[in-house]
Amino acid sequence: MLISITADPLDPQPLIEHVRRDESGAVALFLGVVRNSNLGRRVLHLEYDAYPQMAEKKLRQVAEEITSRWPITDIAIAHRTGRLEIGETSLLVAVSSPHRHEAFEACEHAVNRIKEVAPIWKKEVWEGGETWLEGKGQTTLQPQ
Amino acid sequence: MKVRVKFFAALHDMTGRRELNLEVREGLTVSELYRDLCARFPRLANHSASLMYGVNAEYVSADHPLGDGDEVAFIPPVSGGAHAH
């Protein structure tokens with residue numbers, strides 16, 4: 001199990017190597033990347049803020065929950081903080097298992113849980129303003 | 001007793017603070033502390049309905065009583081990804 005929260009750019013390769021095993025025929029890898037629009041606005045960049053100690057603890061709990069629910073061999077999660085440009089990776093989840101079905105399922109569930117419980121917030125900066133995204137699609141508008 | 005308060009995301013913008021060390025009365029709950037802080041930072045009142053509370057890096061309920069040396073975090077809703085779009 002590998003958990004990290006970092007302001008540095010994310011590289012999937014170390015996570016893949018961390019979870020890979022000789023007995024595992026599958027590694028599912030998810031990348032959350034910054035897209036160029038949201039709610040019809042052109043997004044310029046994002047800023048992620050986190051409560052690092054708690055976020056790390058919550059990511060670890062998610063990883064433990066996934067490990068107890070699916071017959072996976074290992075899981076690695078990395079979340080980035082700070083300013084991210086369009087196309088950069090904000091979240092990486094790698095899951096290995098003997099067969100692909102469990103790896104896909106566990107990986108998707110891990111991503112959903114991370115977004116529910118990790119104290120990590122996303123500020124969207126667009127032309128003419130910025131807003132912290134709160135809840136599912138809700139926004140608090142703060143024009144500049 | 002002393003507590004350390006941490007502000008993140010929108011709450012950081014509203015208070016202009018990352019952290020605050022406070023002397024508070026024994027047995028004060030996390031939501032009472034937030035209400036007290038609204039007097040000092042009025043913009044915080046906009047957020048009170050949707051907040052979660054964290055003490056020593058764990059989620060707690062609004063009526064959780066604080067202890068000496070606790071680290072308190074007021075946690076705005078997390079972004080929840082893009083499920084809604």
# chains A, B, ... in the order shown; residues from 1 in each chain; ligands from 1
call {"tool": "interface_residues", "arguments": {"of": "chain A", "to": "chain B", "cutoff": "8 Å", "atoms": "only C-alpha atoms", "output": "PyMOL selection string"}}
result
chain A and resi 39+49-51+53-54+57+115-123+132-137
call {"tool": "residues_around", "arguments": {"residues": "region 10-21 of chain A", "least_positions_apart": "3", "cutoff": "8 Å", "atoms": "only C-alpha atoms", "output": "PyMOL selection string"}}
result
chain A and resi 1-2+24+27+29+73-80+89-96
call {"tool": "residues_around", "arguments": {"residues": "Glu47 (chain A)", "least_positions_apart": "3", "cutoff": "8 Å", "atoms": "only C-alpha atoms", "output": "PyMOL selection string"}}
result
chain A and resi 81-84+122-125
call {"tool": "write_last_selection", "arguments": {"atoms": "C-alpha atoms", "output": "CSV table (one decimal), in the first residue's frame"}}
result
chain,number,residue,atom,x,y,z
A,81,THR,CA,-2.0,19.7,-4.3
A,82,GLY,CA,-1.3,23.3,-5.4
A,83,ARG,CA,-1.7,24.8,-8.8
A,84,LEU,CA,-2.4,22.5,-11.7
A,122,LYS,CA,-10.5,22.3,-5.7
A,123,LYS,CA,-10.6,25.9,-6.8
A,124,GLU,CA,-11.5,26.5,-10.4
A,125,VAL,CA,-10.0,29.6,-11.9
call {"tool": "closest_residue", "arguments": {"among": "A:Glu85, A:Glu108, A:Glu64, A:Glu102", "to": "Trp126 (chain A)", "atoms": "only C-alpha atoms"}}
result
A:Glu85
call {"tool": "select_by_dssp", "arguments": {"residues": "region 20-65 of chain B", "states": "alpha helix (DSSP H)", "output": "ChimeraX atom specification"}}
result
/B:30-40
call {"tool": "select_by_dssp", "arguments": {"residues": "chain A", "states": "strand (DSSP E or B)", "output": "number ranges by chain"}}
result
A: 2-6, 26-33, 37-38, 41-50, 74-80, 82-85, 89-97, 120-126, 129-134, 138-143
call {"tool": "atom_distance", "arguments": {"atom1": "CA of Glu32 (chain B)", "atom2": "CA of Pro65 (chain B)"}}
result
9.3 Å
call {"tool": "residues_around", "arguments": {"residues": "Ser31 (chain B)", "least_positions_apart": "3", "cutoff": "10 Å", "atoms": "only C-alpha atoms", "output": "number ranges by chain"}}
result
B: 28, 34-37, 48, 51-53, 61-65, 74
call {"tool": "atom_distance", "arguments": {"atom1": "CA of Ala45 (chain B)", "atom2": "CA of Gly27 (chain B)"}}
result
22.1 Å
